[in-house]
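First comes the structure, then the notes that go with it.
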Amino acid sequence: MKNLPKLLLLSVLLLTGFTKPDYENLMKLWYDKPAENWEEALPIGNGRLGAMIFGTPQSEHLQLNEETVWAGEPGNNISKGFKEVLPKVRQLIFEGKFKEAQDLTLTRLPRNVPDDINFGMPYQTVGDLWIDFQNIGEIKDYYRDLDIANAVSSVRFKSGNVSYKREFFASAVDQVIAVRLTADKKGKISFTLRTGSAHTNKKIHVENNTLILSGTGESVENKTGRVQFDARFLPVINGGKIIETDSTLRVENANSATLYVSMGTNFKNYKDISGNAAETAKAYLKRINDKSFEKVKKDHVAQYRSFFDRVKLDLGVTDSVKNPTDKRIADFKSGNDPQLVSLYFQFGRYLLISSSQPGTQPANLQGIWNNHLMPPWDSKYTININTEMNYWPAEVTNLPEMAEPLFSMVGDLSETGKEAARVMYGARGWVVHHNTDLWRIAGPVDGAFYGMWPMGGAWLSQHLWYHYLYSGNRKFLENNYPVLKGAAEYYVDVLQTEPSHHWLVVAPSMSPENTHPGGVSMAAGNTMDNQLVFDVFSNLINASAVLNTDKAFADTVRAMRNRLPPMQIGQHSQLQEWLQDWDRVDDRHRHVSHLYGLYPGNQVSPFTSPALFQAAKNSLEYRGDESTGWSMGWKVNLWARLLDGNRAYKLIADQLTPAPVEKAGQHGGTYPNLFDAHPPFQIDGNFGCTAGIAEMLLQSHDGAIYLLPALPDKWPNGSVKGLRARGGFTIDMKWADGKVKEVTVYSQLGGNCRLRVAGELKGKTALKMVNDNTKNPNPFYETADVKEPLISDKATIEKLKLNKTFLYDVETTKGGIYHFSEK
């Protein structure tokens with residue numbers, strides 16, 4: 001494509017030089033050529049429906065998804081006979097016979113799928129829609145974009161003497177995907193509408209000027225495909241005519257055309273598929289009968305912006321913004337393009353809004369965008385890091401509503417997980433392992449090496465407590481208390497006394513997906529397990545106190561928490577990954593599970609546990625930087641918590657490196673459409689990096705709101721608006737020369753607001769300077785009361801040197817706004 005019309009994107013680029021564009025123009029991914037593959041197409045979504053837009057002038061392509069089109073049918077996947085071997089498995093582990101323990105477990109949890117069980121179902125594409133245009137020849141002035149400030153994608157080009165424009169968006173208000181086709185001359189919109197799907201059981205037909213694709217999800221493993229879907233494509237034209245065939249619609253000589261895409265399934269919930277797919281799809285189309293395209297678009301943009309506009313980030317702008325997004329990615333490491341980081345940050349928020357709305361399913365491994373029947377890792381919910389990472393940005397980047405689907409799934413799992421707890425472990429409460437799906441399976445998948453990790457519910461339940469800490473919503477906590485209690489009950493029943501120190505530990509388990517010197521994964525008392533159980537117990541104790549309930553059970557939990565193993569610092573001065581000092585300094589494994597206590601947990605603090613802080617840093621150094629995309633996203637957060645902004649920025653630069661051509665491996669990066677590469681595409685890395693950028697600017701997990709805790713040298717000047725902190729506080733701030741210049745605090749709940757900042761502040765409201773050892777009276781800022789670590793005689797822990805900071809307390813009232821500036 002030639003003669004790129006840069007004025008279409010950056011009308012502010014003047015012949016005499018570069019002028020900073022307005023914020024909205026900066027919020028665009030844009031390109032000067034159509035997508036040649038799926039990783040170059042642009043995603044739109046409304047939480048339930050998703051589409052990938054290719055932007056080909058002669059034949060537009062939309063790859064389509066509906067969030068409940070999965071293989072299989074309702075039903076759990078609990079392995080039979082495991083409880084009978086469980087005592088022997090535990091005995092073998094405590095005798096140090098780890099391989100024998102794993103081999104025995106494999107007799108009940110084999111690596112290959114048994115005939116009477118399943119390892120979870122794949123999320124599946126609906127199919128494709130093509131719009132084949134007539135009379136479009138040679139193309140010039142081509143441009144396509146995704147405007148994430150308005151959640152609208154567009155394509156523009158010229159052919160002959162006609163200028164064409166296309167717009168695409170997925171409306172959460174009207175539950176349709178809308179496509180608008182226009183030209184600057186009358187009668188120039190002519191096309192054929194056709195559809196297709198890779199599904200085995202499908203039907204394509206035309207009815208009342210509507211093209212219809214219907215079908216059924218696939219049968220996989222021991223489950224029969226029973227999800228029925230119905231996709232309807234309705235063209236509404238101005239001028240011209242519509243001609244039907246048995247499987248296509250042809251539009252001739254229209255002045256403009258609007259195409260509405262509606263999809264429905266028979267899915268109601270994880271145990272009920274009694275809905276009517278066709279009637280659901282028809283109902284959405286009927287609802288927009290009397291609405292103009294302009295009204296549909298206006299309502300869509302207003303609803304979307306009610307979420308997106310809550311946060312703005314300005315890290316500076318250079319003339320790199322005049323380049324297409326794919327070139328900016330290619331140039332990032334060697335160039336100077338801070339605005340690409342701002343765009344990437346906001347793109348993560350765009351993806352969360354677009355893939356997870358109240359009332360929908362949670363975002364899966366690919367959000368809602370998937371073009372396969374059997375996608376990588378089934379595009380399920382991998383809950384030993386990936387699903388949790390999807391929701392790390394929700395609270396801090398002011399999108400708490402987008403986490404509601406996750407909370408709903410955790411509620412479902414607290415029901416299906418009761419069967420797993422009872423049948424597999426003889427325990428009360430609920431448990432899930434390292435994967436789940438649309439049907440809320442709770443049993444292990446992928447055999448003993450990967451699947452024997454009974455900690456998925458422990459991690460997922462943290463998000464319920466985080467939401468309470470950020471919102472202060474007592475009613476939410478009350479409604480979800482049974483889920484928190486059930487998670488704690490499970491560990492009360494299954495914790496075992498290990499023989500060496502008589503600590504209470506989870507056995508069997510593993511440090512996710514990693515191998516220890518025994519040549520297997522299975523072990524007891526792994527550091528991440530201990531940290532997770534500590535948090536499950538702490539959440540129960542604190543929730544019980546807030547709600548004034550279950551005092552006796554809380555006392556039991558408190559006594560058991562006191563018997564959990566302390567964290568340990570091993571011979572390499574590292575935070576040990578296992579109960580034994582097994583870590584290798586050359587271990588580059590993608591999972592850094594033992595650092596959960598550093599992030600997203602709050603059990604490692606530079607102020608109260610400096611030795612653990614140093615040990616965690618050493619562990620992260622040993623692990624290295626470059627890895628899978630999601631692993632690098634996690635490491636951005638970890639280095640931010642380690643107060644090292646330059647190292648966190650280095651990980652962002654590694655992330656914003658063009659993704660490899662190979663669709664497998666351990667070297668991640670970013671695709672041209674800003675999707676994260678594992679590789680292949682996984683959306684968790686996008687969300688992880690967005691959360692990490694926020695974490696570099698604001699932290700509230702360690703007793704105070706820390707402003708600019710990990711600001712890199714690359715961002716000396718900037719501003720952010722709308723980040724959220726625990727206790728119902730929202731923060732705006734500006735900085736220059738690396739120092740906070742202005743900060744505004746919005747208090748939703750009232751109470752003490754403690755600020756930690758590198759420089760002194762002043763304001764009209766009284767600022768009380770306090771010492772580090774002064775407890776914050778705000779209950780939302782309770783710090784973790786962790787044990788002193790056990791330290792190997794071979795370890796060398798350097799004295800921690802921290803930059804000087806000031807702590808200020810500000811007494812706030814509900815709804816109050818407080819302004820401060822550099823002193």
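FYI, nothing fancy with the structure tokens labels: chains A, B, ... in order, residues from 1 per chain, ligands from 1 as they appear.
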Quick one: residues within 12 Å of A:Leu129, only C-alpha atoms counted, chain neighbours fewer than 3 positions away excluded, as a PyMOL selection string? chain A and resi 51-54+59-65+125-126+132+177+179+192-197+204+211-213+231-234+248-249+259-261
Generate the output file for the selected residues, N, CA, C and O atoms, as a short mmCIF file (atom, residue, chain, number, x, y, z; two decimals), in the first residue's frame.
data_model
loop_
_atom_site.label_atom_id
_atom_site.label_comp_id
_atom_site.auth_asym_id
_atom_site.auth_seq_id
_atom_site.Cartn_x
_atom_site.Cartn_y
_atom_site.Cartn_z
N ALA A 51 -14.78 -10.52 17.84
CA ALA A 51 -14.46 -10.63 16.42
C ALA A 51 -13.05 -10.12 16.18
O ALA A 51 -12.58 -9.21 16.87
N MET A 52 -12.39 -10.73 15.21
CA MET A 52 -11.09 -10.28 14.74
C MET A 52 -11.29 -9.70 13.35
O MET A 52 -11.82 -10.37 12.45
N ILE A 53 -10.85 -8.45 13.16
CA ILE A 53 -11.09 -7.71 11.92
C ILE A 53 -9.81 -7.68 11.10
O ILE A 53 -8.78 -7.18 11.57
N PHE A 54 -9.88 -8.15 9.85
CA PHE A 54 -8.69 -8.26 9.01
C PHE A 54 -8.47 -7.03 8.13
O PHE A 54 -7.34 -6.71 7.79
N SER A 59 -12.10 -8.28 0.20
CA SER A 59 -12.88 -9.30 0.90
C SER A 59 -12.64 -9.16 2.40
O SER A 59 -11.70 -9.73 2.95
N GLU A 60 -13.51 -8.40 3.05
CA GLU A 60 -13.38 -8.22 4.50
C GLU A 60 -13.66 -9.54 5.22
O GLU A 60 -14.53 -10.31 4.83
N HIS A 61 -12.89 -9.77 6.28
CA HIS A 61 -12.97 -11.04 7.02
C HIS A 61 -13.17 -10.73 8.49
O HIS A 61 -12.38 -10.00 9.09
N LEU A 62 -14.21 -11.30 9.09
CA LEU A 62 -14.43 -11.25 10.52
C LEU A 62 -14.42 -12.67 11.06
O LEU A 62 -15.25 -13.50 10.65
N GLN A 63 -13.47 -12.98 11.93
CA GLN A 63 -13.47 -14.27 12.62
C GLN A 63 -14.25 -14.07 13.92
O GLN A 63 -14.01 -13.12 14.67
N LEU A 64 -15.19 -14.98 14.21
CA LEU A 64 -16.22 -14.73 15.22
C LEU A 64 -16.15 -15.68 16.40
O LEU A 64 -15.87 -16.88 16.24
N ASN A 65 -16.44 -15.15 17.57
CA ASN A 65 -16.54 -15.95 18.80
C ASN A 65 -17.76 -15.55 19.61
O ASN A 65 -18.18 -14.38 19.60
N THR A 125 -14.10 -21.58 18.26
CA THR A 125 -14.59 -20.52 17.39
C THR A 125 -16.01 -20.84 16.93
O THR A 125 -16.41 -22.01 16.85
N VAL A 126 -16.78 -19.80 16.62
CA VAL A 126 -18.07 -19.98 15.95
C VAL A 126 -17.85 -20.21 14.47
O VAL A 126 -18.35 -21.17 13.88
N ASP A 132 -17.49 -10.03 0.50
CA ASP A 132 -16.77 -9.97 -0.78
C ASP A 132 -17.31 -8.81 -1.61
O ASP A 132 -18.48 -8.81 -2.02
N ILE A 177 -22.66 -7.21 17.17
CA ILE A 177 -21.52 -6.63 16.48
C ILE A 177 -22.07 -5.83 15.31
O ILE A 177 -22.92 -6.32 14.55
N VAL A 179 -21.33 -3.49 11.83
CA VAL A 179 -20.39 -3.17 10.75
C VAL A 179 -21.05 -2.12 9.87
O VAL A 179 -22.16 -2.33 9.36
N THR A 192 -21.10 -9.46 -1.57
CA THR A 192 -21.74 -10.73 -1.24
C THR A 192 -21.34 -11.13 0.16
O THR A 192 -20.16 -11.10 0.53
N LEU A 193 -22.34 -11.52 0.94
CA LEU A 193 -22.13 -11.93 2.32
C LEU A 193 -22.14 -13.46 2.37
O LEU A 193 -23.10 -14.10 1.95
N ARG A 194 -21.04 -14.05 2.90
CA ARG A 194 -20.99 -15.50 3.03
C ARG A 194 -20.36 -15.84 4.38
O ARG A 194 -19.64 -15.04 4.97
N THR A 195 -20.64 -17.05 4.83
CA THR A 195 -20.15 -17.48 6.13
C THR A 195 -19.68 -18.92 6.06
O THR A 195 -19.97 -19.64 5.11
N GLY A 196 -18.94 -19.34 7.07
CA GLY A 196 -18.44 -20.71 7.13
C GLY A 196 -17.97 -21.04 8.52
O GLY A 196 -17.78 -20.14 9.36
N SER A 197 -17.76 -22.32 8.79
CA SER A 197 -17.32 -22.76 10.11
C SER A 197 -16.60 -24.08 9.97
O SER A 197 -16.94 -24.92 9.13
N ILE A 204 -25.83 -23.75 7.09
CA ILE A 204 -25.84 -22.37 6.59
C ILE A 204 -27.08 -22.21 5.73
O ILE A 204 -27.30 -23.01 4.81
N LEU A 211 -28.67 -14.00 6.82
CA LEU A 211 -27.79 -15.15 6.64
C LEU A 211 -27.58 -15.79 8.00
O LEU A 211 -27.27 -15.10 8.99
N ILE A 212 -27.73 -17.12 8.07
CA ILE A 212 -27.71 -17.81 9.36
C ILE A 212 -26.70 -18.95 9.33
O ILE A 212 -26.70 -19.77 8.42
N LEU A 213 -25.85 -18.97 10.35
CA LEU A 213 -24.92 -20.07 10.59
C LEU A 213 -25.29 -20.69 11.93
O LEU A 213 -25.24 -20.02 12.96
N ALA A 231 -25.70 -18.02 14.74
CA ALA A 231 -25.15 -16.71 14.38
C ALA A 231 -25.96 -16.15 13.22
O ALA A 231 -26.17 -16.83 12.21
N ARG A 232 -26.41 -14.92 13.35
CA ARG A 232 -27.27 -14.29 12.34
C ARG A 232 -26.64 -13.00 11.84
O ARG A 232 -26.14 -12.19 12.65
N PHE A 233 -26.69 -12.82 10.53
CA PHE A 233 -26.06 -11.67 9.88
C PHE A 233 -27.14 -10.93 9.09
O PHE A 233 -27.65 -11.43 8.09
N LEU A 234 -27.48 -9.74 9.58
CA LEU A 234 -28.59 -8.98 9.01
C LEU A 234 -28.09 -7.69 8.37
O LEU A 234 -27.61 -6.80 9.08
N THR A 248 -26.08 -17.40 0.64
CA THR A 248 -25.43 -16.08 0.64
C THR A 248 -26.48 -14.98 0.53
O THR A 248 -27.63 -15.22 0.16
N LEU A 249 -26.04 -13.78 0.84
CA LEU A 249 -26.83 -12.57 0.56
C LEU A 249 -25.98 -11.65 -0.29
O LEU A 249 -24.78 -11.47 -0.03
N LEU A 259 -24.39 -3.79 8.83
CA LEU A 259 -24.53 -5.22 9.05
C LEU A 259 -24.51 -5.49 10.55
O LEU A 259 -23.58 -5.07 11.24
N TYR A 260 -25.55 -6.15 11.02
CA TYR A 260 -25.61 -6.52 12.43
C TYR A 260 -25.37 -8.02 12.58
O TYR A 260 -25.99 -8.83 11.88
N VAL A 261 -24.47 -8.37 13.49
CA VAL A 261 -24.15 -9.76 13.78
C VAL A 261 -24.66 -10.09 15.17
O VAL A 261 -24.27 -9.44 16.15
#
List every residue of stretch 526-634 of chain A that has an atom at most 12 Å from any atom of stretch 390-398 of chain A, giving for each one its closest atom pair and the distance in Å to one decimal, counting only C-alpha atoms, sorted by chain and then by ascending residue number, as JSON lines.
{"residue": "A:Tyr599", "atom": "CA", "partner": "A:Trp392", "partner_atom": "CA", "distance": 10.2}
{"residue": "A:Pro600", "atom": "CA", "partner": "A:Trp392", "partner_atom": "CA", "distance": 8.1}
{"residue": "A:Gly601", "atom": "CA", "partner": "A:Trp392", "partner_atom": "CA", "distance": 11.4}
{"residue": "A:Trp630", "atom": "CA", "partner": "A:Asn390", "partner_atom": "CA", "distance": 9.8}
{"residue": "A:Gly633", "atom": "CA", "partner": "A:Trp392", "partner_atom": "CA", "distance": 10.7}
{"residue": "A:Trp634", "atom": "CA", "partner": "A:Trp392", "partner_atom": "CA", "distance": 9.9}
Those selected residues, please, written with C-alpha atoms and delivered as a PDB file, in the first residue's frame.
ATOM      1  CA  TYR A 599       3.422 -10.420  44.127  1.00  0.00           C
ATOM      2  CA  PRO A 600       0.482 -10.604  44.045  1.00  0.00           C
ATOM      3  CA  GLY A 601       0.720 -11.437  47.754  1.00  0.00           C
ATOM      4  CA  TRP A 630       3.026 -14.097  30.607  1.00  0.00           C
ATOM      5  CA  GLY A 633       4.410  -9.836  32.580  1.00  0.00           C
ATOM      6  CA  TRP A 634       4.632 -11.365  36.050  1.00  0.00           C
TER       7      TRP A 634
END
Closest of A:Val604, A:Leu674, A:Leu469, A:Pro679 to A:Asn778 - atom-to-atom distances counting only C-alpha atoms: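 Of A:Val604, A:Leu674, A:Leu469, A:Pro679, the one nearest A:Asn778, counting only C-alpha atoms, is A:Leu469.
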Using only C-alpha atoms, can you tell me which of A:Lys83, A:Lys158, A:His589, A:Arg726 comes closest to A:His667? A:His589
DSSP on the backbone, then: every residue of stretch 279-449 of chain A marked strand (DSSP E or B), written as a ChimeraX atom specification. /A:312-314,364,367,381-382,435-436
Env of A:Gly472: 12 Å cut, atoms = only C-alpha atoms, seq-sep filter 5 positions within chain, self excluded. Answer as a list in words. Leu464, Trp465, Tyr466, His467, Leu477, Glu478, Ala543, Val546, Ala725, Arg726, Gly727, Gly728, Phe729, Ser747, Gln748, Leu749, Gly750, Gly751, Asn778, Pro779, Phe780, Tyr781 and Lys814 of chain A
Under the rule that only C-alpha atoms are counted, which of A:Glu95, A:Arg328, A:Thr107, A:Ile652 is the nearest residue to A:Gly81?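 So, comparing all the options, the nearest one is A:Thr107.
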Determine, counting only C-alpha atoms, which protein, DNA and RNA residues have an atom within 9 Å of an atom of A:Thr628; residues of the same chain fewer than 2 positions away are not included. Present the result as number ranges by chain. A: 590, 626, 630-633, 655, 665-669, 677-679, 685
